[in-house]
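Single-structure report; data block below.
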Amino acid sequence: MAAMKKKSVKKKSVNKKTASKSPCKQKLSVSISHDHKLGHDPLAWLSGEEIQSLSKINDTVDPMTFKETKIENEKIHVPGIEAEKNIDQPVALEEMTKDIDDVKASETGSLPGDEDKTQRTNEDDDMLILPEIFGIAQAEDMHGELSSLLAVSGDIEIDASTIETLDASALQLLIAFIKECKSSGRNVIWKKSSAKIDSAASLLNIGTLLEL
Amino acid sequence: MKQTRVIAVLNQKGGVGKTTTTLNLVHGLSRKGYEVLAMDLDPQGQLTSSLGLMKRDIGGLEKALLNGTQIAEVTYPVRENLKLVPAGHGLSEIEDRSEGGSSRGMMLRNILVDIKGQYDFIIIDCPPSSGLLVVNALFAVDEVIIPMTGDYLALQGLSHLMSTLRNFEKVLGHKYKEWIVLGRFQARRKLSQEVKGKLKEYFADNMLLTEITESVLLAESPGFGKTIYEYRPSSRSAKEFESLVDDFIIGRTH
């Protein structure tokens, strides 16, 4: 997995002086800071704050394109009590799939403004938390996650504290991952190990390969 | 006569863990000795099947709501101290009901009048919608548990739900006791931590202390008609739900 170069995301701000003089030439740009992952606060109205409080976020958003999101009173037909209001039946949301694959897919989805959808930032993803059940059924998903981790720079920490079961496929995957990390000059640190991994490593005499 | 707490587990956004929360909460409470009645108000019947009632041809809540059947006739013991009113065929017909006037929203409230006092907790698993079934639930309950996930869209959905609840409170003339449960939590994600921080900022007194970590075990157990305590009793998920049950009983929040 070739390490991908991080492309710097330059923050562009709207020059207020320029905007007032020549709006046509105003550069409109939206840049998303990676310091905060939660942009707009949809709950701001609860404390009576203006929703368009741009000072709370690092983004620079052109107010002309920022949609008013103030929550309007939902028209709910309360039978017999507010009969004059129209029935407003919001479309029922379809039940989202609960499959873990969708959760993992959402993890690798892009954030607004991301230029590299496969890139994972160092501060977020230098920790690998192994699942409770780690076997051949989980290997494909884990392979994807490990591949993403290989794309970032820096040492990788592994938390194996929640492992309850694992099999040879999981161990093979881990060994391959650790080997790949070492070949690219990165260290793998077992931040939290588990008795399951320790005993498996001892039984198979692979403690050295796992860097335990 | 017991002082019954009547609670709706509610969020119009799908996939946030309503049924998972309801499933493991009702069983967790019954394991502690409380008499619990679970009601499946979701036409999809997922709480029903998660508790092991896989047959869909049994009579359920719709018979009590639409046909005047006594609620006791459609109440089934599913665990020690835990009974279930399942979602039977035809529950979805209620959403389309247009006749009935003011009584349409009060059907559930009316049938609960007869059974309050028999249980310590009546917990209603609501569908992910804003239709007549949810209206019935909101008229019937005093408390609302809102399962939440750690992402922006869930936060946006919560904002919408809060607005809805405020409207109902104005109409009903009383406030709901609201509980927020943060589930499907992925501690490693910065977004999840930020959403958690935002929830604590606005709902510190309402947000139950224990968050439920995302776990495939919670997704697997319903397939076997089991709760997490039965499926993986020593798992982190089981321990987290045990802690959440305690949080809920004593009102332990952030």
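Just so we're on the same page: first chain in the structure tokens is A, next is B, and so on; residues restart at 1 for each chain, and ligands are numbered from 1 in the order they show up.
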Compile the residues of chain B that lie within 8 Å of chain A, evaluated using only C-alpha atoms, and express the compilation as an MDAnalysis selection string.
chainID B and resid 12:15 101:105 128:131 135 152 155:156 158:160 163:164 167 171 188:191 194:195 202 215:216 219 235:236
Could those selected residues go to a file with N, CA, C and O atoms, as a CSV table (one decimal), in the first residue's frame?
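See selection19.csv below for the written result:
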chain,number,residue,atom,x,y,z
B,12,GLN,N,-37.4,9.2,15.3
B,12,GLN,CA,-38.0,9.0,14.0
B,12,GLN,C,-36.9,8.6,13.0
B,12,GLN,O,-37.2,8.2,11.9
B,13,LYS,N,-35.7,8.8,13.4
B,13,LYS,CA,-34.6,8.3,12.5
B,13,LYS,C,-34.4,6.8,12.7
B,13,LYS,O,-34.3,6.3,13.9
B,14,GLY,N,-34.3,6.1,11.6
B,14,GLY,CA,-34.1,4.7,11.7
B,14,GLY,C,-32.6,4.3,11.9
B,14,GLY,O,-31.7,5.1,11.6
B,15,GLY,N,-32.4,3.2,12.5
B,15,GLY,CA,-31.1,2.6,12.6
B,15,GLY,C,-30.3,3.2,13.8
B,15,GLY,O,-29.1,3.0,13.8
B,101,GLY,N,-61.8,10.7,14.3
B,101,GLY,CA,-61.6,12.0,15.0
B,101,GLY,C,-60.6,12.0,16.1
B,101,GLY,O,-59.5,11.5,15.9
B,102,SER,N,-60.9,12.6,17.2
B,102,SER,CA,-60.0,12.8,18.2
B,102,SER,C,-59.5,11.6,18.9
B,102,SER,O,-58.5,11.5,19.6
B,103,SER,N,-60.3,10.5,18.8
B,103,SER,CA,-59.9,9.3,19.5
B,103,SER,C,-58.8,8.5,18.8
B,103,SER,O,-58.1,7.7,19.4
B,104,ARG,N,-58.4,8.9,17.6
B,104,ARG,CA,-57.3,8.2,16.9
B,104,ARG,C,-56.0,8.3,17.7
B,104,ARG,O,-55.2,7.4,17.6
B,105,GLY,N,-55.8,9.4,18.3
B,105,GLY,CA,-54.5,9.6,19.0
B,105,GLY,C,-54.5,9.1,20.4
B,105,GLY,O,-53.5,9.0,21.1
B,128,PRO,N,-39.9,4.0,13.5
B,128,PRO,CA,-39.1,5.2,13.0
B,128,PRO,C,-39.9,6.1,12.1
B,128,PRO,O,-39.6,6.2,10.9
B,129,SER,N,-40.9,6.7,12.7
B,129,SER,CA,-41.8,7.5,11.9
B,129,SER,C,-42.4,8.6,12.7
B,129,SER,O,-42.1,8.7,13.9
B,130,SER,N,-43.2,9.4,12.1
B,130,SER,CA,-43.9,10.5,12.9
B,130,SER,C,-45.4,10.4,12.7
B,130,SER,O,-46.1,11.4,12.7
B,131,GLY,N,-45.9,9.2,12.4
B,131,GLY,CA,-47.3,9.0,12.1
B,131,GLY,C,-48.2,8.8,13.3
B,131,GLY,O,-47.8,9.1,14.5
B,135,VAL,N,-47.9,9.2,17.5
B,135,VAL,CA,-48.8,10.1,18.2
B,135,VAL,C,-49.4,9.4,19.4
B,135,VAL,O,-49.6,10.0,20.5
B,152,TYR,N,-23.6,13.4,12.7
B,152,TYR,CA,-24.3,14.6,12.5
B,152,TYR,C,-25.8,14.5,12.2
B,152,TYR,O,-26.7,15.2,12.7
B,155,LEU,N,-27.9,13.9,15.1
B,155,LEU,CA,-28.0,15.1,15.9
B,155,LEU,C,-29.1,16.0,15.2
B,155,LEU,O,-29.9,16.6,15.9
B,156,GLN,N,-29.1,16.0,13.9
B,156,GLN,CA,-30.1,16.8,13.2
B,156,GLN,C,-31.5,16.2,13.5
B,156,GLN,O,-32.5,16.9,13.7
B,158,LEU,N,-32.4,14.6,16.1
B,158,LEU,CA,-32.7,14.8,17.4
B,158,LEU,C,-33.3,16.2,17.6
B,158,LEU,O,-34.3,16.5,18.3
B,159,SER,N,-32.7,17.2,16.9
B,159,SER,CA,-33.2,18.5,16.9
B,159,SER,C,-34.7,18.6,16.4
B,159,SER,O,-35.5,19.2,17.1
B,160,HIS,N,-34.9,17.9,15.4
B,160,HIS,CA,-36.3,17.8,14.8
B,160,HIS,C,-37.2,17.1,15.9
B,160,HIS,O,-38.4,17.6,16.1
B,163,SER,N,-38.2,19.4,18.7
B,163,SER,CA,-39.2,20.4,18.3
B,163,SER,C,-40.6,19.7,18.4
B,163,SER,O,-41.6,20.3,18.9
B,164,THR,N,-40.7,18.5,17.9
B,164,THR,CA,-41.9,17.7,18.0
B,164,THR,C,-42.4,17.6,19.4
B,164,THR,O,-43.6,17.8,19.8
B,167,ASN,N,-43.9,20.7,20.9
B,167,ASN,CA,-45.2,20.9,20.5
B,167,ASN,C,-46.2,20.0,21.3
B,167,ASN,O,-47.3,20.5,21.7
B,171,VAL,N,-49.4,21.0,23.9
B,171,VAL,CA,-50.8,20.5,23.8
B,171,VAL,C,-51.2,19.8,25.0
B,171,VAL,O,-52.3,19.9,25.5
B,188,ARG,N,-13.4,5.7,19.0
B,188,ARG,CA,-12.2,6.1,18.2
B,188,ARG,C,-12.5,7.3,17.2
B,188,ARG,O,-11.6,8.0,16.8
B,189,ARG,N,-13.7,7.4,16.9
B,189,ARG,CA,-14.0,8.5,15.9
B,189,ARG,C,-14.1,9.8,16.6
B,189,ARG,O,-14.9,10.0,17.6
B,190,LYS,N,-13.5,10.8,16.0
B,190,LYS,CA,-13.5,12.1,16.6
B,190,LYS,C,-14.9,12.7,16.5
B,190,LYS,O,-15.4,13.4,17.4
B,191,LEU,N,-15.6,12.4,15.4
B,191,LEU,CA,-17.0,12.9,15.2
B,191,LEU,C,-17.8,12.4,16.3
B,191,LEU,O,-18.7,13.1,16.9
B,194,GLU,N,-17.2,14.3,19.4
B,194,GLU,CA,-17.8,15.7,19.3
B,194,GLU,C,-19.3,15.6,19.5
B,194,GLU,O,-19.9,16.5,20.1
B,195,VAL,N,-20.0,14.7,18.9
B,195,VAL,CA,-21.4,14.5,19.1
B,195,VAL,C,-21.7,14.3,20.5
B,195,VAL,O,-22.7,14.9,21.1
B,202,TYR,N,-26.0,20.1,25.8
B,202,TYR,CA,-27.4,20.4,25.9
B,202,TYR,C,-28.2,19.6,26.8
B,202,TYR,O,-29.3,20.0,27.3
B,215,SER,N,-21.3,-2.8,18.5
B,215,SER,CA,-20.8,-4.2,18.6
B,215,SER,C,-21.7,-5.1,17.7
B,215,SER,O,-22.9,-5.0,17.7
B,216,VAL,N,-21.0,-6.0,17.0
B,216,VAL,CA,-21.7,-6.9,16.1
B,216,VAL,C,-22.6,-7.9,16.9
B,216,VAL,O,-23.6,-8.4,16.4
B,219,ALA,N,-26.0,-6.8,17.1
B,219,ALA,CA,-26.8,-7.0,15.9
B,219,ALA,C,-27.1,-8.5,15.7
B,219,ALA,O,-28.0,-8.8,15.0
B,235,SER,N,-20.0,-10.5,27.7
B,235,SER,CA,-19.4,-9.5,26.7
B,235,SER,C,-19.5,-8.1,27.3
B,235,SER,O,-20.2,-7.8,28.3
B,236,ARG,N,-18.7,-7.3,26.7
B,236,ARG,CA,-18.7,-5.8,27.1
B,236,ARG,C,-20.1,-5.3,26.9
B,236,ARG,O,-20.6,-4.5,27.7
Mind checking which residues fall within 6 Å of B:Thr4, counting only C-alpha atoms, ignoring those fewer than 2 positions away in the same chain, and posting them as a PyMOL selection string?
chain B and resi 2+116-117+119-121
Using all heavy atoms, can you write the selected residues to a file as a PDB file, in the first residue's frame?
ATOM      1  N   LYS B   2     -48.871  -0.820  41.716  1.00  0.00           N
ATOM      2  CA  LYS B   2     -47.537  -0.284  41.465  1.00  0.00           C
ATOM      3  C   LYS B   2     -47.623   1.111  40.864  1.00  0.00           C
ATOM      4  O   LYS B   2     -48.599   1.485  40.206  1.00  0.00           O
ATOM      5  CB  LYS B   2     -46.795  -1.217  40.486  1.00  0.00           C
ATOM      6  CG  LYS B   2     -46.524  -2.618  41.030  1.00  0.00           C
ATOM      7  CD  LYS B   2     -45.878  -3.481  39.963  1.00  0.00           C
ATOM      8  CE  LYS B   2     -45.775  -4.921  40.420  1.00  0.00           C
ATOM      9  NZ  LYS B   2     -44.767  -5.124  41.474  1.00  0.00           N
ATOM     10  N   LYS B 116     -52.203  -0.167  33.940  1.00  0.00           N
ATOM     11  CA  LYS B 116     -51.249   0.554  34.802  1.00  0.00           C
ATOM     12  C   LYS B 116     -51.458   0.060  36.224  1.00  0.00           C
ATOM     13  O   LYS B 116     -52.581  -0.171  36.662  1.00  0.00           O
ATOM     14  CB  LYS B 116     -51.533   2.060  34.741  1.00  0.00           C
ATOM     15  CG  LYS B 116     -50.718   2.800  33.695  1.00  0.00           C
ATOM     16  CD  LYS B 116     -50.952   4.299  33.852  1.00  0.00           C
ATOM     17  CE  LYS B 116     -50.219   5.058  32.784  1.00  0.00           C
ATOM     18  NZ  LYS B 116     -50.379   6.513  32.917  1.00  0.00           N
ATOM     19  N   GLY B 117     -50.397  -0.051  36.955  1.00  0.00           N
ATOM     20  CA  GLY B 117     -50.516  -0.540  38.323  1.00  0.00           C
ATOM     21  C   GLY B 117     -50.135  -2.004  38.445  1.00  0.00           C
ATOM     22  O   GLY B 117     -49.815  -2.480  39.520  1.00  0.00           O
ATOM     23  N   TYR B 119     -47.697  -3.215  36.508  1.00  0.00           N
ATOM     24  CA  TYR B 119     -46.285  -3.311  36.124  1.00  0.00           C
ATOM     25  C   TYR B 119     -45.484  -2.171  36.730  1.00  0.00           C
ATOM     26  O   TYR B 119     -46.014  -1.092  36.995  1.00  0.00           O
ATOM     27  CB  TYR B 119     -46.153  -3.258  34.592  1.00  0.00           C
ATOM     28  CG  TYR B 119     -46.897  -4.356  33.882  1.00  0.00           C
ATOM     29  CD1 TYR B 119     -48.169  -4.144  33.368  1.00  0.00           C
ATOM     30  CD2 TYR B 119     -46.317  -5.625  33.722  1.00  0.00           C
ATOM     31  CE1 TYR B 119     -48.861  -5.151  32.727  1.00  0.00           C
ATOM     32  CE2 TYR B 119     -47.003  -6.633  33.072  1.00  0.00           C
ATOM     33  CZ  TYR B 119     -48.265  -6.396  32.584  1.00  0.00           C
ATOM     34  OH  TYR B 119     -48.952  -7.405  31.944  1.00  0.00           O
ATOM     35  N   ASP B 120     -44.211  -2.443  36.912  1.00  0.00           N
ATOM     36  CA  ASP B 120     -43.303  -1.366  37.315  1.00  0.00           C
ATOM     37  C   ASP B 120     -42.950  -0.494  36.114  1.00  0.00           C
ATOM     38  O   ASP B 120     -42.800   0.720  36.234  1.00  0.00           O
ATOM     39  CB  ASP B 120     -42.014  -1.957  37.909  1.00  0.00           C
ATOM     40  CG  ASP B 120     -42.275  -2.713  39.194  1.00  0.00           C
ATOM     41  OD1 ASP B 120     -42.736  -2.084  40.166  1.00  0.00           O
ATOM     42  OD2 ASP B 120     -42.041  -3.941  39.228  1.00  0.00           O
ATOM     43  N   PHE B 121     -42.803  -1.145  34.962  1.00  0.00           N
ATOM     44  CA  PHE B 121     -42.433  -0.422  33.740  1.00  0.00           C
ATOM     45  C   PHE B 121     -43.285  -0.910  32.575  1.00  0.00           C
ATOM     46  O   PHE B 121     -43.479  -2.113  32.404  1.00  0.00           O
ATOM     47  CB  PHE B 121     -40.952  -0.650  33.374  1.00  0.00           C
ATOM     48  CG  PHE B 121     -39.978  -0.105  34.365  1.00  0.00           C
ATOM     49  CD1 PHE B 121     -39.493  -0.905  35.387  1.00  0.00           C
ATOM     50  CD2 PHE B 121     -39.538   1.201  34.278  1.00  0.00           C
ATOM     51  CE1 PHE B 121     -38.587  -0.411  36.304  1.00  0.00           C
ATOM     52  CE2 PHE B 121     -38.624   1.711  35.196  1.00  0.00           C
ATOM     53  CZ  PHE B 121     -38.155   0.904  36.209  1.00  0.00           C
TER      54      PHE B 121
END
Please, what distance in Å, to one decimal, runs between atom CA of A:Ala151 and atom CA of A:Cys181?
10.0 Å
Give me every helix (DSSP H, G or I) residue in stretch 17-230 of chain B, going by DSSP on the backbone, as a PyMOL selection string.
chain B and resi 18-31+46-50+61-66+71-74+91-96+101-105+107-113+132-140+152-172+190-203+216-224+228-230
Figure out the distance between atom CA of B:Asn136 and atom CA of B:Glu35, please, to one decimal in Å.
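Distance reported for this atom pair: 22.9 Å.
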Residues within 12 Å of B:Ile115, only C-alpha atoms, excluding chain neighbours under 2 positions, as a ChimeraX atom specification:
/B:1-6,36-37,70-72,75,108-113,117-122
What does the file look like for those residues with N, CA and C atoms, as an mmCIF file, in the first residue's frame?
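Output contents, as saved in result.cif:
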data_model
loop_
_atom_site.group_PDB
_atom_site.id
_atom_site.type_symbol
_atom_site.label_atom_id
_atom_site.label_comp_id
_atom_site.auth_asym_id
_atom_site.auth_seq_id
_atom_site.Cartn_x
_atom_site.Cartn_y
_atom_site.Cartn_z
ATOM 1 N N MET B 1 -50.819 -1.899 44.307
ATOM 2 C CA MET B 1 -50.835 -1.164 43.045
ATOM 3 C C MET B 1 -49.468 -0.501 42.829
ATOM 4 N N LYS B 2 -48.871 -0.820 41.716
ATOM 5 C CA LYS B 2 -47.537 -0.284 41.465
ATOM 6 C C LYS B 2 -47.623 1.111 40.864
ATOM 7 N N GLN B 3 -46.564 1.859 41.085
ATOM 8 C CA GLN B 3 -46.433 3.162 40.447
ATOM 9 C C GLN B 3 -45.736 2.924 39.121
ATOM 10 N N THR B 4 -46.505 2.844 38.068
ATOM 11 C CA THR B 4 -45.959 2.412 36.778
ATOM 12 C C THR B 4 -45.311 3.557 36.028
ATOM 13 N N ARG B 5 -44.133 3.296 35.546
ATOM 14 C CA ARG B 5 -43.466 4.244 34.650
ATOM 15 C C ARG B 5 -43.755 3.800 33.227
ATOM 16 N N VAL B 6 -44.314 4.715 32.445
ATOM 17 C CA VAL B 6 -44.678 4.394 31.061
ATOM 18 C C VAL B 6 -43.748 5.178 30.146
ATOM 19 N N VAL B 36 -42.202 -6.044 34.100
ATOM 20 C CA VAL B 36 -42.063 -5.197 32.911
ATOM 21 C C VAL B 36 -43.012 -5.677 31.817
ATOM 22 N N LEU B 37 -43.663 -4.712 31.191
ATOM 23 C CA LEU B 37 -44.457 -4.998 29.999
ATOM 24 C C LEU B 37 -43.811 -4.263 28.835
ATOM 25 N N GLN B 70 -59.314 -7.290 24.718
ATOM 26 C CA GLN B 70 -58.664 -6.973 25.984
ATOM 27 C C GLN B 70 -57.162 -7.124 25.829
ATOM 28 N N ILE B 71 -56.430 -6.197 26.383
ATOM 29 C CA ILE B 71 -54.971 -6.206 26.230
ATOM 30 C C ILE B 71 -54.367 -7.474 26.826
ATOM 31 N N ALA B 72 -55.013 -8.009 27.857
ATOM 32 C CA ALA B 72 -54.483 -9.218 28.483
ATOM 33 C C ALA B 72 -54.506 -10.405 27.517
ATOM 34 N N THR B 75 -51.280 -10.358 25.443
ATOM 35 C CA THR B 75 -50.051 -10.191 26.224
ATOM 36 C C THR B 75 -49.457 -11.563 26.472
ATOM 37 N N LEU B 108 -54.026 4.140 22.373
ATOM 38 C CA LEU B 108 -53.058 3.441 23.223
ATOM 39 C C LEU B 108 -53.194 3.902 24.668
ATOM 40 N N ARG B 109 -53.356 5.184 24.849
ATOM 41 C CA ARG B 109 -53.500 5.728 26.204
ATOM 42 C C ARG B 109 -54.696 5.069 26.906
ATOM 43 N N ASN B 110 -55.767 4.893 26.171
ATOM 44 C CA ASN B 110 -56.983 4.331 26.767
ATOM 45 C C ASN B 110 -56.804 2.881 27.191
ATOM 46 N N ILE B 111 -56.101 2.099 26.410
ATOM 47 C CA ILE B 111 -55.953 0.693 26.793
ATOM 48 C C ILE B 111 -54.939 0.524 27.920
ATOM 49 N N LEU B 112 -54.051 1.484 28.074
ATOM 50 C CA LEU B 112 -53.082 1.384 29.169
ATOM 51 C C LEU B 112 -53.708 1.702 30.517
ATOM 52 N N VAL B 113 -54.793 2.408 30.513
ATOM 53 C CA VAL B 113 -55.444 2.781 31.770
ATOM 54 C C VAL B 113 -55.761 1.532 32.597
ATOM 55 N N GLY B 117 -50.397 -0.051 36.955
ATOM 56 C CA GLY B 117 -50.516 -0.540 38.323
ATOM 57 C C GLY B 117 -50.135 -2.004 38.445
ATOM 58 N N GLN B 118 -50.182 -2.691 37.289
ATOM 59 C CA GLN B 118 -49.789 -4.107 37.304
ATOM 60 C C GLN B 118 -48.285 -4.260 37.080
ATOM 61 N N TYR B 119 -47.697 -3.215 36.508
ATOM 62 C CA TYR B 119 -46.285 -3.311 36.124
ATOM 63 C C TYR B 119 -45.484 -2.171 36.730
ATOM 64 N N ASP B 120 -44.211 -2.443 36.912
ATOM 65 C CA ASP B 120 -43.303 -1.366 37.315
ATOM 66 C C ASP B 120 -42.950 -0.494 36.114
ATOM 67 N N PHE B 121 -42.803 -1.145 34.962
ATOM 68 C CA PHE B 121 -42.433 -0.422 33.740
ATOM 69 C C PHE B 121 -43.285 -0.910 32.575
ATOM 70 N N ILE B 122 -43.779 0.024 31.800
ATOM 71 C CA ILE B 122 -44.366 -0.297 30.496
ATOM 72 C C ILE B 122 -43.507 0.452 29.488
#
If we count only C-alpha atoms and set the cut-off at 8 Å, which residues sit around B:Pro43, ignoring sequence neighbours fewer than 5 positions away in its own chain? Please answer as number ranges by chain.
B: 87-92, 127
Residues of stretch 46-185 of chain B in strand (DSSP E or B), written as a list in words:
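Of stretch 46-185 of chain B, only Tyr76, Pro77, Val78, Arg79, Leu82, Lys83, Leu84, Val85, Phe121, Ile122, Ile123, Ile124, Asp125, Glu143, Val144, Ile145, Ile146, Pro147, Met148, Lys177, Glu178, Trp179, Ile180, Val181, Leu182 and Phe185 of chain B fall in strand (DSSP E or B).
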Distance query stretch 220-230 of chain B at most 8 Å, only C-alpha atoms, self and fewer than 3 positions along chain excluded, as a list in words:
Leu23, Asn24, His27, Gly28, Ser49, Ser50, Leu51, Gly52, Leu53, Met54, Val216, Leu217, Pro233, Ser234, Ser237 and Ala238 of chain B
Just-selected residues, C-alpha atoms written as an mmCIF file, in the first residue's frame:
data_model
loop_
_atom_site.group_PDB
_atom_site.id
_atom_site.type_symbol
_atom_site.label_atom_id
_atom_site.label_comp_id
_atom_site.auth_asym_id
_atom_site.auth_seq_id
_atom_site.Cartn_x
_atom_site.Cartn_y
_atom_site.Cartn_z
ATOM 1 C CA LEU B 23 -34.848 -5.270 23.923
ATOM 2 C CA ASN B 24 -31.974 -5.190 26.339
ATOM 3 C CA HIS B 27 -34.922 -7.753 29.833
ATOM 4 C CA GLY B 28 -32.344 -6.022 31.995
ATOM 5 C CA SER B 49 -38.956 -11.320 16.840
ATOM 6 C CA SER B 50 -35.948 -10.222 18.878
ATOM 7 C CA LEU B 51 -37.624 -11.622 21.982
ATOM 8 C CA GLY B 52 -38.167 -14.924 20.222
ATOM 9 C CA LEU B 53 -41.725 -14.610 18.949
ATOM 10 C CA MET B 54 -40.977 -15.333 15.329
ATOM 11 C CA VAL B 216 -21.712 -6.894 16.121
ATOM 12 C CA LEU B 217 -22.972 -9.023 19.011
ATOM 13 C CA PRO B 233 -23.486 -12.744 28.970
ATOM 14 C CA SER B 234 -19.842 -11.932 29.632
ATOM 15 C CA SER B 237 -22.073 -5.128 25.494
ATOM 16 C CA ALA B 238 -23.879 -7.094 28.187
#
Between atom CA of A:Lys182 and atom CA of A:Thr165, what distance in Å does the model show, to one decimal?
25.9 Å
When you look at A:Ile175 with a cut-off of 10 Å (counting only C-alpha atoms), what residues show up, excluding the ones that are within fewer than 4 positions of it in the same chain? I need them as a CSV table (one decimal) with N, CA and C atoms, in the first residue's frame.
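Just written: out20.csv:
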chain,number,residue,atom,x,y,z
A,169,SER,N,-7.1,-17.3,11.0
A,169,SER,CA,-7.2,-16.3,10.0
A,169,SER,C,-6.9,-14.9,10.5
A,170,ALA,N,-7.4,-14.6,11.7
A,170,ALA,CA,-7.2,-13.3,12.3
A,170,ALA,C,-5.7,-13.2,12.6
A,171,LEU,N,-5.1,-14.2,13.1
A,171,LEU,CA,-3.6,-14.1,13.5
A,171,LEU,C,-2.8,-13.9,12.2
A,179,LYS,N,3.9,-7.1,9.6
A,179,LYS,CA,5.1,-7.2,8.7
A,179,LYS,C,5.1,-6.0,7.7
A,180,GLU,N,3.9,-5.6,7.2
A,180,GLU,CA,3.8,-4.5,6.2
A,180,GLU,C,4.2,-3.2,6.9
A,181,CYS,N,3.8,-3.1,8.2
A,181,CYS,CA,4.1,-1.8,8.9
A,181,CYS,C,5.6,-1.7,9.1
A,206,ILE,N,4.3,-17.7,17.8
A,206,ILE,CA,4.3,-16.6,16.9
A,206,ILE,C,4.4,-15.3,17.6
A,207,GLY,N,4.8,-15.3,18.8
A,207,GLY,CA,4.9,-14.1,19.6
A,207,GLY,C,5.8,-13.1,19.0
A,208,THR,N,6.9,-13.5,18.4
A,208,THR,CA,7.9,-12.6,17.8
A,208,THR,C,7.3,-12.0,16.5
A,209,LEU,N,6.6,-12.8,15.8
A,209,LEU,CA,5.9,-12.3,14.5
A,209,LEU,C,4.9,-11.2,14.9
A,210,LEU,N,4.2,-11.4,16.0
A,210,LEU,CA,3.2,-10.4,16.4
A,210,LEU,C,3.8,-9.2,17.2
A,211,GLU,N,5.1,-9.3,17.4
A,211,GLU,CA,5.7,-8.2,18.1
A,211,GLU,C,5.2,-8.0,19.5
What lies within 10 Å of A:Ile136 using only C-alpha atoms, ignoring chain neighbours under 4 positions off, as a short mmCIF file (atom, residue, chain, number, x, y, z; two decimals) with all heavy atoms, in the first residue's frame?
data_model
loop_
_atom_site.label_atom_id
_atom_site.label_comp_id
_atom_site.auth_asym_id
_atom_site.auth_seq_id
_atom_site.Cartn_x
_atom_site.Cartn_y
_atom_site.Cartn_z
N GLU A 140 -12.45 -10.08 6.12
CA GLU A 140 -12.55 -9.19 4.96
C GLU A 140 -12.72 -7.74 5.40
O GLU A 140 -12.07 -6.84 4.87
CB GLU A 140 -13.74 -9.61 4.09
CG GLU A 140 -13.79 -8.85 2.77
CD GLU A 140 -14.93 -9.33 1.87
OE1 GLU A 140 -15.47 -10.42 2.12
OE2 GLU A 140 -15.27 -8.60 0.94
N ASP A 141 -13.59 -7.54 6.37
CA ASP A 141 -13.79 -6.19 6.87
C ASP A 141 -12.53 -5.64 7.50
O ASP A 141 -12.16 -4.48 7.29
CB ASP A 141 -14.92 -6.17 7.91
CG ASP A 141 -16.29 -6.34 7.26
OD1 ASP A 141 -16.39 -6.10 6.05
OD2 ASP A 141 -17.23 -6.74 7.96
N MET A 142 -11.88 -6.48 8.28
CA MET A 142 -10.67 -6.04 8.97
C MET A 142 -9.57 -5.74 7.97
O MET A 142 -8.77 -4.82 8.17
CB MET A 142 -10.21 -7.09 9.96
CG MET A 142 -11.00 -7.13 11.25
SD MET A 142 -11.04 -5.53 12.11
CE MET A 142 -9.32 -5.28 12.47
N LEU A 166 -10.74 -15.58 18.67
CA LEU A 166 -10.06 -15.31 17.41
C LEU A 166 -9.55 -16.63 16.87
O LEU A 166 -9.42 -17.61 17.60
CB LEU A 166 -8.92 -14.30 17.59
CG LEU A 166 -7.58 -14.75 18.13
CD1 LEU A 166 -6.54 -13.70 17.84
CD2 LEU A 166 -7.64 -15.05 19.61
N ASP A 167 -9.30 -16.63 15.56
CA ASP A 167 -8.83 -17.87 14.96
C ASP A 167 -7.56 -17.60 14.15
O ASP A 167 -7.01 -16.49 14.16
CB ASP A 167 -9.93 -18.53 14.11
CG ASP A 167 -10.36 -17.65 12.93
OD1 ASP A 167 -9.63 -16.69 12.58
OD2 ASP A 167 -11.42 -17.94 12.35
N ALA A 168 -7.14 -18.63 13.45
CA ALA A 168 -5.86 -18.55 12.73
C ALA A 168 -5.91 -17.50 11.64
O ALA A 168 -4.90 -16.86 11.33
CB ALA A 168 -5.50 -19.92 12.15
N SER A 169 -7.10 -17.30 11.05
CA SER A 169 -7.21 -16.27 9.98
C SER A 169 -6.89 -14.90 10.53
O SER A 169 -6.21 -14.10 9.89
CB SER A 169 -8.62 -16.26 9.41
OG SER A 169 -9.03 -17.54 9.05
N ALA A 170 -7.39 -14.63 11.71
CA ALA A 170 -7.16 -13.34 12.35
C ALA A 170 -5.67 -13.17 12.64
O ALA A 170 -5.09 -12.10 12.40
CB ALA A 170 -7.96 -13.24 13.64
N LEU A 171 -5.07 -14.21 13.13
CA LEU A 171 -3.64 -14.13 13.45
C LEU A 171 -2.81 -13.92 12.19
O LEU A 171 -1.87 -13.13 12.18
CB LEU A 171 -3.20 -15.39 14.19
CG LEU A 171 -3.78 -15.54 15.61
CD1 LEU A 171 -3.56 -16.95 16.12
CD2 LEU A 171 -3.14 -14.53 16.54
N LEU A 173 -3.75 -12.47 9.49
CA LEU A 173 -3.99 -11.09 9.04
C LEU A 173 -3.15 -10.12 9.84
O LEU A 173 -2.52 -9.20 9.30
CB LEU A 173 -5.47 -10.77 9.16
CG LEU A 173 -5.99 -9.50 8.46
CD1 LEU A 173 -5.71 -9.57 6.98
CD2 LEU A 173 -7.49 -9.37 8.70
#
